[in-house]
Each structure stands twice: as structure tokens, then as C-alpha cells.
$ cat input00.cif   # mmCIF, N, CA and C atoms and all ligand atoms
data_run
loop_
_atom_site.group_PDB
_atom_site.id
_atom_site.type_symbol
_atom_site.label_atom_id
_atom_site.label_comp_id
_atom_site.auth_asym_id
_atom_site.auth_seq_id
_atom_site.Cartn_x
_atom_site.Cartn_y
_atom_site.Cartn_z
ATOM 1 N N MET A 1 -140.157 -60.832 -29.117
ATOM 2 C CA MET A 1 -139.762 -59.795 -30.083
ATOM 3 C C MET A 1 -140.853 -59.646 -31.127
ATOM 4 N N PHE A 2 -141.525 -58.533 -31.112
ATOM 5 C CA PHE A 2 -142.616 -58.326 -32.052
ATOM 6 C C PHE A 2 -142.296 -57.198 -33.020
ATOM 7 N N CYS A 3 -142.788 -57.349 -34.225
ATOM 8 C CA CYS A 3 -142.564 -56.358 -35.271
ATOM 9 C C CYS A 3 -143.240 -55.041 -34.902
ATOM 10 N N PRO A 4 -142.466 -53.938 -34.942
ATOM 11 C CA PRO A 4 -143.067 -52.649 -34.609
ATOM 12 C C PRO A 4 -144.028 -52.163 -35.692
ATOM 13 N N GLU A 5 -143.922 -52.752 -36.867
ATOM 14 C CA GLU A 5 -144.772 -52.325 -37.976
ATOM 15 C C GLU A 5 -146.160 -52.967 -37.932
ATOM 16 N N CYS A 6 -146.160 -54.303 -37.793
ATOM 17 C CA CYS A 6 -147.444 -55.010 -37.906
ATOM 18 C C CYS A 6 -147.757 -55.898 -36.703
ATOM 19 N N LYS A 7 -146.895 -55.847 -35.671
ATOM 20 C CA LYS A 7 -147.124 -56.587 -34.420
ATOM 21 C C LYS A 7 -147.054 -58.108 -34.556
ATOM 22 N N SER A 8 -146.491 -58.595 -35.654
ATOM 23 C CA SER A 8 -146.306 -60.029 -35.799
ATOM 24 C C SER A 8 -145.067 -60.460 -35.032
ATOM 25 N N LEU A 9 -144.996 -61.744 -34.706
ATOM 26 C CA LEU A 9 -143.815 -62.275 -34.051
ATOM 27 C C LEU A 9 -142.665 -62.301 -35.050
ATOM 28 N N MET A 10 -141.486 -61.832 -34.610
ATOM 29 C CA MET A 10 -140.331 -61.817 -35.506
ATOM 30 C C MET A 10 -139.424 -63.000 -35.196
ATOM 31 N N PHE A 11 -138.736 -63.499 -36.216
ATOM 32 C CA PHE A 11 -137.888 -64.662 -36.046
ATOM 33 C C PHE A 11 -136.432 -64.324 -36.289
ATOM 34 N N PRO A 12 -135.530 -64.873 -35.446
ATOM 35 C CA PRO A 12 -134.109 -64.642 -35.676
ATOM 36 C C PRO A 12 -133.655 -65.337 -36.950
ATOM 37 N N ASP A 13 -132.943 -64.624 -37.793
ATOM 38 C CA ASP A 13 -132.496 -65.204 -39.055
ATOM 39 C C ASP A 13 -131.226 -64.500 -39.529
ATOM 40 N N GLU A 14 -130.122 -65.205 -39.504
ATOM 41 C CA GLU A 14 -128.840 -64.717 -40.009
ATOM 42 C C GLU A 14 -128.505 -63.308 -39.536
ATOM 43 N N GLY A 15 -128.540 -63.136 -38.238
ATOM 44 C CA GLY A 15 -128.104 -61.861 -37.680
ATOM 45 C C GLY A 15 -129.178 -60.794 -37.581
ATOM 46 N N TYR A 16 -130.374 -61.141 -38.033
ATOM 47 C CA TYR A 16 -131.467 -60.183 -37.965
ATOM 48 C C TYR A 16 -132.702 -60.822 -37.349
ATOM 49 N N PHE A 17 -133.513 -59.990 -36.750
ATOM 50 C CA PHE A 17 -134.878 -60.417 -36.477
ATOM 51 C C PHE A 17 -135.687 -60.042 -37.705
ATOM 52 N N VAL A 18 -136.403 -61.001 -38.235
ATOM 53 C CA VAL A 18 -137.123 -60.763 -39.475
ATOM 54 C C VAL A 18 -138.622 -60.978 -39.259
ATOM 55 N N CYS A 19 -139.405 -60.057 -39.759
ATOM 56 C CA CYS A 19 -140.856 -60.209 -39.738
ATOM 57 C C CYS A 19 -141.272 -60.901 -41.030
ATOM 58 N N ARG A 20 -141.923 -62.053 -40.883
ATOM 59 C CA ARG A 20 -142.313 -62.821 -42.066
ATOM 60 C C ARG A 20 -143.505 -62.189 -42.779
ATOM 61 N N LYS A 21 -144.142 -61.294 -42.097
ATOM 62 C CA LYS A 21 -145.367 -60.720 -42.657
ATOM 63 C C LYS A 21 -145.078 -59.502 -43.528
ATOM 64 N N CYS A 22 -144.265 -58.586 -43.003
ATOM 65 C CA CYS A 22 -144.041 -57.354 -43.765
ATOM 66 C C CYS A 22 -142.565 -57.146 -44.105
ATOM 67 N N ASP A 23 -141.690 -58.149 -43.790
ATOM 68 C CA ASP A 23 -140.273 -58.085 -44.132
ATOM 69 C C ASP A 23 -139.483 -57.038 -43.361
ATOM 70 N N TYR A 24 -140.020 -56.558 -42.267
ATOM 71 C CA TYR A 24 -139.272 -55.642 -41.417
ATOM 72 C C TYR A 24 -138.080 -56.381 -40.832
ATOM 73 N N LYS A 25 -136.908 -55.730 -40.798
ATOM 74 C CA LYS A 25 -135.703 -56.362 -40.260
ATOM 75 C C LYS A 25 -135.093 -55.502 -39.183
ATOM 76 N N LYS A 26 -134.530 -56.180 -38.178
ATOM 77 C CA LYS A 26 -133.795 -55.452 -37.158
ATOM 78 C C LYS A 26 -132.566 -56.257 -36.789
ATOM 79 N N LYS A 27 -131.427 -55.581 -36.680
ATOM 80 C CA LYS A 27 -130.190 -56.283 -36.363
ATOM 81 C C LYS A 27 -130.224 -56.901 -34.985
ATOM 82 N N ILE A 28 -129.773 -58.156 -34.909
ATOM 83 C CA ILE A 28 -129.789 -58.887 -33.647
ATOM 84 C C ILE A 28 -128.728 -58.363 -32.682
ATOM 85 N N GLU A 29 -127.651 -57.825 -33.214
ATOM 86 C CA GLU A 29 -126.563 -57.283 -32.380
ATOM 87 C C GLU A 29 -127.080 -56.395 -31.265
ATOM 88 N N ASP A 30 -128.201 -55.755 -31.492
ATOM 89 C CA ASP A 30 -128.749 -54.854 -30.492
ATOM 90 C C ASP A 30 -129.271 -55.597 -29.274
ATOM 91 N N TYR A 31 -129.377 -56.908 -29.418
ATOM 92 C CA TYR A 31 -129.974 -57.678 -28.328
ATOM 93 C C TYR A 31 -128.988 -58.668 -27.746
ATOM 94 N N LYS A 32 -129.200 -59.013 -26.503
ATOM 95 C CA LYS A 32 -128.364 -60.024 -25.878
ATOM 96 C C LYS A 32 -128.822 -61.406 -26.307
ATOM 97 N N ALA A 33 -127.920 -62.370 -26.175
ATOM 98 C CA ALA A 33 -128.218 -63.744 -26.579
ATOM 99 C C ALA A 33 -129.450 -64.283 -25.861
ATOM 100 N N SER A 34 -129.613 -63.913 -24.620
ATOM 101 C CA SER A 34 -130.752 -64.426 -23.857
ATOM 102 C C SER A 34 -132.071 -63.956 -24.457
ATOM 103 N N THR A 35 -132.053 -62.775 -25.017
ATOM 104 C CA THR A 35 -133.258 -62.245 -25.644
ATOM 105 C C THR A 35 -133.602 -63.059 -26.879
ATOM 106 N N ILE A 36 -132.567 -63.445 -27.610
ATOM 107 C CA ILE A 36 -132.780 -64.248 -28.806
ATOM 108 C C ILE A 36 -133.366 -65.606 -28.421
ATOM 109 N N GLN A 37 -132.788 -66.196 -27.377
ATOM 110 C CA GLN A 37 -133.290 -67.485 -26.923
ATOM 111 C C GLN A 37 -134.741 -67.362 -26.485
ATOM 112 N N GLU A 38 -135.028 -66.281 -25.825
ATOM 113 C CA GLU A 38 -136.389 -66.027 -25.370
ATOM 114 C C GLU A 38 -137.348 -65.960 -26.562
ATOM 115 N N ALA A 39 -136.927 -65.285 -27.596
ATOM 116 C CA ALA A 39 -137.756 -65.157 -28.789
ATOM 117 C C ALA A 39 -137.991 -66.521 -29.413
ATOM 118 N N ALA A 40 -136.950 -67.350 -29.418
ATOM 119 C CA ALA A 40 -137.076 -68.683 -29.983
ATOM 120 C C ALA A 40 -138.038 -69.524 -29.161
ATOM 121 N N ASP A 41 -137.919 -69.435 -27.848
ATOM 122 C CA ASP A 41 -138.814 -70.190 -26.979
ATOM 123 C C ASP A 41 -140.252 -69.740 -27.149
ATOM 124 N N GLU A 42 -140.414 -68.457 -27.266
ATOM 125 C CA GLU A 42 -141.736 -67.874 -27.419
ATOM 126 C C GLU A 42 -142.378 -68.399 -28.702
ATOM 127 N N ARG A 43 -141.550 -68.490 -29.712
ATOM 128 C CA ARG A 43 -142.008 -68.963 -31.000
ATOM 129 C C ARG A 43 -142.443 -70.430 -30.928
ATOM 130 N N GLU A 44 -141.643 -71.238 -30.239
ATOM 131 C CA GLU A 44 -141.997 -72.647 -30.070
ATOM 132 C C GLU A 44 -143.349 -72.780 -29.397
ATOM 133 N N THR A 45 -143.512 -72.021 -28.336
ATOM 134 C CA THR A 45 -144.758 -72.092 -27.589
ATOM 135 C C THR A 45 -145.926 -71.689 -28.474
ATOM 136 N N LEU A 46 -145.727 -70.631 -29.230
ATOM 137 C CA LEU A 46 -146.789 -70.156 -30.110
ATOM 138 C C LEU A 46 -147.125 -71.189 -31.172
ATOM 139 N N VAL A 47 -146.086 -71.724 -31.784
ATOM 140 C CA VAL A 47 -146.297 -72.698 -32.845
ATOM 141 C C VAL A 47 -147.053 -73.896 -32.307
ATOM 142 N N ILE A 48 -146.597 -74.366 -31.172
ATOM 143 C CA ILE A 48 -147.139 -75.625 -30.675
ATOM 144 C C ILE A 48 -148.500 -75.439 -30.012
ATOM 145 N N GLU A 49 -148.811 -74.236 -29.592
ATOM 146 C CA GLU A 49 -150.127 -74.036 -28.999
ATOM 147 C C GLU A 49 -151.125 -73.479 -29.989
ATOM 148 N N GLY A 50 -150.605 -72.898 -31.058
ATOM 149 C CA GLY A 50 -151.498 -72.257 -32.004
ATOM 150 C C GLY A 50 -152.224 -73.213 -32.932
ATOM 151 N N ASP A 51 -151.547 -74.283 -33.345
ATOM 152 C CA ASP A 51 -152.091 -75.138 -34.394
ATOM 153 C C ASP A 51 -152.153 -76.597 -33.986
ATOM 154 N N LEU A 52 -152.609 -76.854 -32.803
ATOM 155 C CA LEU A 52 -152.597 -78.231 -32.322
ATOM 156 C C LEU A 52 -153.283 -79.216 -33.267
ATOM 157 N N ASP A 53 -154.393 -78.818 -33.853
ATOM 158 C CA ASP A 53 -155.143 -79.735 -34.707
ATOM 159 C C ASP A 53 -154.399 -80.099 -35.979
ATOM 160 N N THR A 54 -153.526 -79.212 -36.402
ATOM 161 C CA THR A 54 -152.820 -79.456 -37.660
ATOM 162 C C THR A 54 -151.472 -80.133 -37.437
ATOM 163 N N LEU A 55 -151.064 -80.260 -36.175
ATOM 164 C CA LEU A 55 -149.756 -80.864 -35.904
ATOM 165 C C LEU A 55 -149.803 -82.381 -36.046
ATOM 166 N N PRO A 56 -148.718 -82.957 -36.543
ATOM 167 C CA PRO A 56 -148.660 -84.419 -36.599
ATOM 168 C C PRO A 56 -148.520 -84.999 -35.198
ATOM 169 N N LYS A 57 -148.979 -86.226 -35.032
ATOM 170 C CA LYS A 57 -148.832 -86.904 -33.746
ATOM 171 C C LYS A 57 -147.897 -88.089 -33.930
ATOM 172 N N THR A 58 -147.271 -88.486 -32.853
ATOM 173 C CA THR A 58 -146.402 -89.648 -32.916
ATOM 174 C C THR A 58 -146.495 -90.436 -31.619
ATOM 175 N N LYS A 59 -146.117 -91.694 -31.703
ATOM 176 C CA LYS A 59 -146.113 -92.538 -30.502
ATOM 177 C C LYS A 59 -144.825 -92.305 -29.746
ATOM 178 N N ILE A 60 -144.929 -91.658 -28.621
ATOM 179 C CA ILE A 60 -143.761 -91.433 -27.773
ATOM 180 C C ILE A 60 -144.264 -91.262 -26.350
ATOM 181 N N GLU A 61 -143.475 -91.745 -25.398
ATOM 182 C CA GLU A 61 -143.956 -91.702 -24.022
ATOM 183 C C GLU A 61 -143.691 -90.362 -23.361
ATOM 184 N N CYS A 62 -144.721 -89.819 -22.762
ATOM 185 C CA CYS A 62 -144.598 -88.584 -21.990
ATOM 186 C C CYS A 62 -143.940 -88.909 -20.658
ATOM 187 N N SER A 63 -142.884 -88.160 -20.329
ATOM 188 C CA SER A 63 -142.150 -88.447 -19.094
ATOM 189 C C SER A 63 -142.944 -88.044 -17.864
ATOM 190 N N LYS A 64 -143.969 -87.280 -18.076
ATOM 191 C CA LYS A 64 -144.723 -86.761 -16.932
ATOM 192 C C LYS A 64 -145.912 -87.658 -16.566
ATOM 193 N N CYS A 65 -146.727 -88.005 -17.569
ATOM 194 C CA CYS A 65 -147.945 -88.765 -17.251
ATOM 195 C C CYS A 65 -147.955 -90.157 -17.879
ATOM 196 N N LYS A 66 -146.868 -90.501 -18.603
ATOM 197 C CA LYS A 66 -146.719 -91.827 -19.220
ATOM 198 C C LYS A 66 -147.709 -92.103 -20.353
ATOM 199 N N HIS A 67 -148.393 -91.062 -20.780
ATOM 200 C CA HIS A 67 -149.250 -91.201 -21.958
ATOM 201 C C HIS A 67 -148.335 -91.489 -23.147
ATOM 202 N N ASN A 68 -148.840 -92.195 -24.159
ATOM 203 C CA ASN A 68 -147.932 -92.634 -25.226
ATOM 204 C C ASN A 68 -148.162 -91.963 -26.573
ATOM 205 N N GLU A 69 -148.699 -90.747 -26.554
ATOM 206 C CA GLU A 69 -148.881 -90.037 -27.817
ATOM 207 C C GLU A 69 -148.613 -88.552 -27.608
ATOM 208 N N ALA A 70 -147.919 -87.950 -28.575
ATOM 209 C CA ALA A 70 -147.608 -86.530 -28.458
ATOM 210 C C ALA A 70 -147.621 -85.861 -29.823
ATOM 211 N N TYR A 71 -147.988 -84.591 -29.833
ATOM 212 C CA TYR A 71 -147.818 -83.783 -31.044
ATOM 213 C C TYR A 71 -146.342 -83.498 -31.179
ATOM 214 N N TRP A 72 -145.881 -83.265 -32.386
ATOM 215 C CA TRP A 72 -144.476 -82.876 -32.522
ATOM 216 C C TRP A 72 -144.276 -81.926 -33.687
ATOM 217 N N ILE A 73 -143.261 -81.089 -33.568
ATOM 218 C CA ILE A 73 -142.849 -80.217 -34.663
ATOM 219 C C ILE A 73 -141.326 -80.241 -34.742
ATOM 220 N N ILE A 74 -140.795 -79.899 -35.896
ATOM 221 C CA ILE A 74 -139.354 -79.703 -36.008
ATOM 222 C C ILE A 74 -139.107 -78.213 -35.962
ATOM 223 N N ARG A 75 -138.281 -77.841 -35.018
ATOM 224 C CA ARG A 75 -137.941 -76.431 -34.904
ATOM 225 C C ARG A 75 -136.847 -76.099 -35.913
ATOM 226 N N GLN A 76 -137.095 -75.088 -36.698
ATOM 227 C CA GLN A 76 -136.070 -74.641 -37.633
ATOM 228 C C GLN A 76 -134.920 -74.047 -36.836
ATOM 229 N N THR A 77 -133.723 -74.454 -37.192
ATOM 230 C CA THR A 77 -132.579 -74.015 -36.412
ATOM 231 C C THR A 77 -132.151 -72.615 -36.803
ATOM 232 N N ARG A 78 -131.544 -71.952 -35.853
ATOM 233 C CA ARG A 78 -131.114 -70.582 -36.085
ATOM 234 C C ARG A 78 -129.824 -70.542 -36.883
ATOM 235 N N ALA A 79 -128.957 -71.518 -36.666
ATOM 236 C CA ALA A 79 -127.704 -71.576 -37.414
ATOM 237 C C ALA A 79 -127.676 -72.863 -38.229
ATOM 238 N N ALA A 80 -127.029 -72.792 -39.377
ATOM 239 C CA ALA A 80 -127.023 -73.929 -40.291
ATOM 240 C C ALA A 80 -126.331 -75.152 -39.696
ATOM 241 N N ASP A 81 -125.350 -74.922 -38.821
ATOM 242 C CA ASP A 81 -124.599 -76.058 -38.279
ATOM 243 C C ASP A 81 -125.233 -76.641 -37.013
ATOM 244 N N GLU A 82 -126.353 -76.109 -36.592
ATOM 245 C CA GLU A 82 -127.057 -76.686 -35.449
ATOM 246 C C GLU A 82 -127.940 -77.827 -35.915
ATOM 247 N N PRO A 83 -128.003 -78.882 -35.119
ATOM 248 C CA PRO A 83 -128.901 -79.976 -35.497
ATOM 249 C C PRO A 83 -130.356 -79.565 -35.321
ATOM 250 N N GLU A 84 -131.228 -80.277 -36.001
ATOM 251 C CA GLU A 84 -132.652 -80.006 -35.855
ATOM 252 C C GLU A 84 -133.122 -80.372 -34.455
ATOM 253 N N THR A 85 -134.080 -79.633 -33.979
ATOM 254 C CA THR A 85 -134.642 -79.934 -32.676
ATOM 255 C C THR A 85 -136.099 -80.316 -32.855
ATOM 256 N N ARG A 86 -136.472 -81.447 -32.292
ATOM 257 C CA ARG A 86 -137.878 -81.825 -32.308
ATOM 258 C C ARG A 86 -138.514 -81.432 -30.994
ATOM 259 N N ILE A 87 -139.694 -80.893 -31.088
ATOM 260 C CA ILE A 87 -140.415 -80.500 -29.895
ATOM 261 C C ILE A 87 -141.684 -81.328 -29.811
ATOM 262 N N TYR A 88 -141.862 -81.936 -28.674
ATOM 263 C CA TYR A 88 -143.032 -82.781 -28.462
ATOM 264 C C TYR A 88 -143.958 -82.146 -27.440
ATOM 265 N N ARG A 89 -145.234 -82.388 -27.623
ATOM 266 C CA ARG A 89 -146.207 -81.919 -26.636
ATOM 267 C C ARG A 89 -147.220 -83.029 -26.412
ATOM 268 N N CYS A 90 -147.257 -83.515 -25.200
ATOM 269 C CA CYS A 90 -148.146 -84.607 -24.833
ATOM 270 C C CYS A 90 -149.598 -84.248 -25.161
ATOM 271 N N THR A 91 -150.291 -85.171 -25.844
ATOM 272 C CA THR A 91 -151.678 -84.873 -26.212
ATOM 273 C C THR A 91 -152.609 -84.920 -25.013
ATOM 274 N N LYS A 92 -152.130 -85.505 -23.925
ATOM 275 C CA LYS A 92 -152.983 -85.660 -22.746
ATOM 276 C C LYS A 92 -152.790 -84.548 -21.720
ATOM 277 N N CYS A 93 -151.540 -84.368 -21.266
ATOM 278 C CA CYS A 93 -151.317 -83.419 -20.175
ATOM 279 C C CYS A 93 -150.689 -82.108 -20.640
ATOM 280 N N GLY A 94 -150.284 -82.040 -21.910
ATOM 281 C CA GLY A 94 -149.740 -80.790 -22.419
ATOM 282 C C GLY A 94 -148.277 -80.566 -22.092
ATOM 283 N N HIS A 95 -147.642 -81.546 -21.453
ATOM 284 C CA HIS A 95 -146.212 -81.436 -21.155
ATOM 285 C C HIS A 95 -145.439 -81.281 -22.465
ATOM 286 N N THR A 96 -144.494 -80.327 -22.503
ATOM 287 C CA THR A 96 -143.744 -80.056 -23.725
ATOM 288 C C THR A 96 -142.263 -80.292 -23.469
ATOM 289 N N TRP A 97 -141.622 -80.994 -24.372
ATOM 290 C CA TRP A 97 -140.192 -81.229 -24.209
ATOM 291 C C TRP A 97 -139.510 -81.278 -25.564
ATOM 292 N N ARG A 98 -138.184 -81.232 -25.519
ATOM 293 C CA ARG A 98 -137.390 -81.195 -26.746
ATOM 294 C C ARG A 98 -136.530 -82.433 -26.880
ATOM 295 N N GLU A 99 -136.220 -82.764 -28.084
ATOM 296 C CA GLU A 99 -135.295 -83.857 -28.328
ATOM 297 C C GLU A 99 -134.279 -83.357 -29.341
ATOM 298 N N PHE A 100 -132.994 -83.538 -29.014
ATOM 299 C CA PHE A 100 -131.965 -83.010 -29.908
ATOM 300 C C PHE A 100 -131.428 -84.084 -30.835
HETATM 301 ZN ZN ZN B 201 -144.146 -56.818 -39.654
HETATM 302 ZN ZN ZN B 202 -148.312 -86.243 -20.536
#
$ encode --input "input00.cif" --output "C-alpha cells"
Amino acid sequence: MFCPECKSLMFPDEGYFVCRKCDYKKKIEDYKASTIQEAADERETLVIEGDLDTLPKTKIECSKCKHNEAYWIIRQTRAADEPETRIYRCTKCGHTWREF
């Protein structure tokens, strides 16, 4: 979901897709839940691939290659009653996974 005004990625926020750059808003009702999830996933991928050097690292085992270090971010939740989700990305093989 991209902002029609400035082409920035928009984020779901309290019933709206919101552009953080120019404050453009669009009601989420117009979209199906799967579209919202897609936007959230897209955002995770962007966040985690865009700023690898600035991301914190932690000691955790990658389930894919058994490497013991991964970048991680906390995904901001869409609803207040949802728990935080941590997203890890293996520093070696790039495998990405979530922890709830
Ligand atoms: Zn915008
Ligand atoms: Zn790995």
C-alpha cells in the first residue's frame, strides 16, 4: 500500500492507512484483511532489509543454518491489545522469522 501523494509506504493505524511522510490517510475498510496483512509484511521486509547496519544484533540460533547471531526489530502492533512481535533476521543466511 503506497501513498498516492508521495509514493511512500503507508502504515495501518487505527482504521486508516497513514502516510508518515505527508499525513495522507485512507480508510482501511476499503481493503480486505489480507491486504492489510500484506502491507504489514511488506513493511517488515522493508524495515529489516533497509537498515541492516543500524539494526541491533542478538545471540539467537537460526533454525535454518544454526548460526548464532541475528538482527532483530520489534514490530509495532496494529492493535493495542496485540502483543509485540519480534522479527529476527539471521546475519549469515538472511533467514527471517518472528517470535511472539
Ligand atoms: Zn504521502
Ligand atoms: Zn541462518
$ closest_residue --input "input00.cif" --among "A:Arg98, A:Lys64, A:Glu84, A:Cys19" --to "ligand ZN 202 (chain B)" --atoms "only N, CA and C atoms and all ligand atoms"
A:Lys64
$ residues_near_ligand --input "input00.cif" --ligand "ligand ZN 202 (chain B)" --cutoff "5 Å" --atoms "all atoms listed in the file" --output "list in words"
Cys62, Lys64, Cys65, Lys66, His67, Cys90, Lys92, Cys93, Gly94 and His95 of chain A
$ write_last_selection --input "input00.cif" --atoms "N, CA and C atoms" --output "JSON list (two decimals), in the coordinates of the input"
[["chain", "number", "residue", "atom", "x", "y", "z"],
["A", 62, "CYS", "N", -144.72, -89.82, -22.76],
["A", 62, "CYS", "CA", -144.60, -88.58, -21.99],
["A", 62, "CYS", "C", -143.94, -88.91, -20.66],
["A", 64, "LYS", "N", -143.97, -87.28, -18.08],
["A", 64, "LYS", "CA", -144.72, -86.76, -16.93],
["A", 64, "LYS", "C", -145.91, -87.66, -16.57],
["A", 65, "CYS", "N", -146.73, -88.00, -17.57],
["A", 65, "CYS", "CA", -147.94, -88.76, -17.25],
["A", 65, "CYS", "C", -147.96, -90.16, -17.88],
["A", 66, "LYS", "N", -146.87, -90.50, -18.60],
["A", 66, "LYS", "CA", -146.72, -91.83, -19.22],
["A", 66, "LYS", "C", -147.71, -92.10, -20.35],
["A", 67, "HIS", "N", -148.39, -91.06, -20.78],
["A", 67, "HIS", "CA", -149.25, -91.20, -21.96],
["A", 67, "HIS", "C", -148.34, -91.49, -23.15],
["A", 90, "CYS", "N", -147.26, -83.52, -25.20],
["A", 90, "CYS", "CA", -148.15, -84.61, -24.83],
["A", 90, "CYS", "C", -149.60, -84.25, -25.16],
["A", 92, "LYS", "N", -152.13, -85.50, -23.92],
["A", 92, "LYS", "CA", -152.98, -85.66, -22.75],
["A", 92, "LYS", "C", -152.79, -84.55, -21.72],
["A", 93, "CYS", "N", -151.54, -84.37, -21.27],
["A", 93, "CYS", "CA", -151.32, -83.42, -20.18],
["A", 93, "CYS", "C", -150.69, -82.11, -20.64],
["A", 94, "GLY", "N", -150.28, -82.04, -21.91],
["A", 94, "GLY", "CA", -149.74, -80.79, -22.42],
["A", 94, "GLY", "C", -148.28, -80.57, -22.09],
["A", 95, "HIS", "N", -147.64, -81.55, -21.45],
["A", 95, "HIS", "CA", -146.21, -81.44, -21.16],
["A", 95, "HIS", "C", -145.44, -81.28, -22.46]]
$ residues_near_ligand --input "input00.cif" --ligand "ligand ZN 201 (chain B)" --cutoff "12 Å" --atoms "only C-alpha atoms and all ligand atoms" --output "compact mmCIF listing (two decimals) with N, CA and C atoms, keeping the file's coordinate frame"
# COMPACT_ATOMS: atom_id res chain seq x y z
N MET A 1 -140.16 -60.83 -29.12
CA MET A 1 -139.76 -59.80 -30.08
C MET A 1 -140.85 -59.65 -31.13
N PHE A 2 -141.52 -58.53 -31.11
CA PHE A 2 -142.62 -58.33 -32.05
C PHE A 2 -142.30 -57.20 -33.02
N CYS A 3 -142.79 -57.35 -34.22
CA CYS A 3 -142.56 -56.36 -35.27
C CYS A 3 -143.24 -55.04 -34.90
N PRO A 4 -142.47 -53.94 -34.94
CA PRO A 4 -143.07 -52.65 -34.61
C PRO A 4 -144.03 -52.16 -35.69
N GLU A 5 -143.92 -52.75 -36.87
CA GLU A 5 -144.77 -52.32 -37.98
C GLU A 5 -146.16 -52.97 -37.93
N CYS A 6 -146.16 -54.30 -37.79
CA CYS A 6 -147.44 -55.01 -37.91
C CYS A 6 -147.76 -55.90 -36.70
N LYS A 7 -146.90 -55.85 -35.67
CA LYS A 7 -147.12 -56.59 -34.42
C LYS A 7 -147.05 -58.11 -34.56
N SER A 8 -146.49 -58.60 -35.65
CA SER A 8 -146.31 -60.03 -35.80
C SER A 8 -145.07 -60.46 -35.03
N LEU A 9 -145.00 -61.74 -34.71
CA LEU A 9 -143.82 -62.28 -34.05
C LEU A 9 -142.66 -62.30 -35.05
N MET A 10 -141.49 -61.83 -34.61
CA MET A 10 -140.33 -61.82 -35.51
C MET A 10 -139.42 -63.00 -35.20
N PHE A 11 -138.74 -63.50 -36.22
CA PHE A 11 -137.89 -64.66 -36.05
C PHE A 11 -136.43 -64.32 -36.29
N PHE A 17 -133.51 -59.99 -36.75
CA PHE A 17 -134.88 -60.42 -36.48
C PHE A 17 -135.69 -60.04 -37.70
N VAL A 18 -136.40 -61.00 -38.24
CA VAL A 18 -137.12 -60.76 -39.48
C VAL A 18 -138.62 -60.98 -39.26
N CYS A 19 -139.40 -60.06 -39.76
CA CYS A 19 -140.86 -60.21 -39.74
C CYS A 19 -141.27 -60.90 -41.03
N ARG A 20 -141.92 -62.05 -40.88
CA ARG A 20 -142.31 -62.82 -42.07
C ARG A 20 -143.50 -62.19 -42.78
N LYS A 21 -144.14 -61.29 -42.10
CA LYS A 21 -145.37 -60.72 -42.66
C LYS A 21 -145.08 -59.50 -43.53
N CYS A 22 -144.26 -58.59 -43.00
CA CYS A 22 -144.04 -57.35 -43.76
C CYS A 22 -142.56 -57.15 -44.10
N ASP A 23 -141.69 -58.15 -43.79
CA ASP A 23 -140.27 -58.08 -44.13
C ASP A 23 -139.48 -57.04 -43.36
N TYR A 24 -140.02 -56.56 -42.27
CA TYR A 24 -139.27 -55.64 -41.42
C TYR A 24 -138.08 -56.38 -40.83
N LYS A 25 -136.91 -55.73 -40.80
CA LYS A 25 -135.70 -56.36 -40.26
C LYS A 25 -135.09 -55.50 -39.18
N LYS A 26 -134.53 -56.18 -38.18
CA LYS A 26 -133.79 -55.45 -37.16
C LYS A 26 -132.57 -56.26 -36.79
$ closest_residue --input "input00.cif" --among "A:Ile28, A:Thr96, A:Pro56, A:Pro12" --to "A:Tyr71" --atoms "all atoms listed in the file"
A:Pro56
$ closest_residue --input "input00.cif" --among "A:Glu69, A:Thr54, A:Arg75, A:Glu61" --to "A:Thr91" --atoms "only N, CA and C atoms"
A:Glu69
$ atom_distance --input "input00.cif" --atom1 "atom N of A:Lys59" --atom2 "atom C of A:Ile87"
11.4 Å
$ atom_distance --input "input00.cif" --atom1 "atom CA of A:Pro83" --atom2 "atom N of A:Asp53"
25.6 Å
$ atom_distance --input "input00.cif" --atom1 "atom C of A:Tyr16" --atom2 "atom C of A:Thr85"
20.3 Å
$ closest_residue --input "input00.cif" --among "A:Asp13, A:Lys27, A:Thr58, A:Arg86" --to "A:Ala70" --atoms "only C-alpha atoms"
A:Thr58
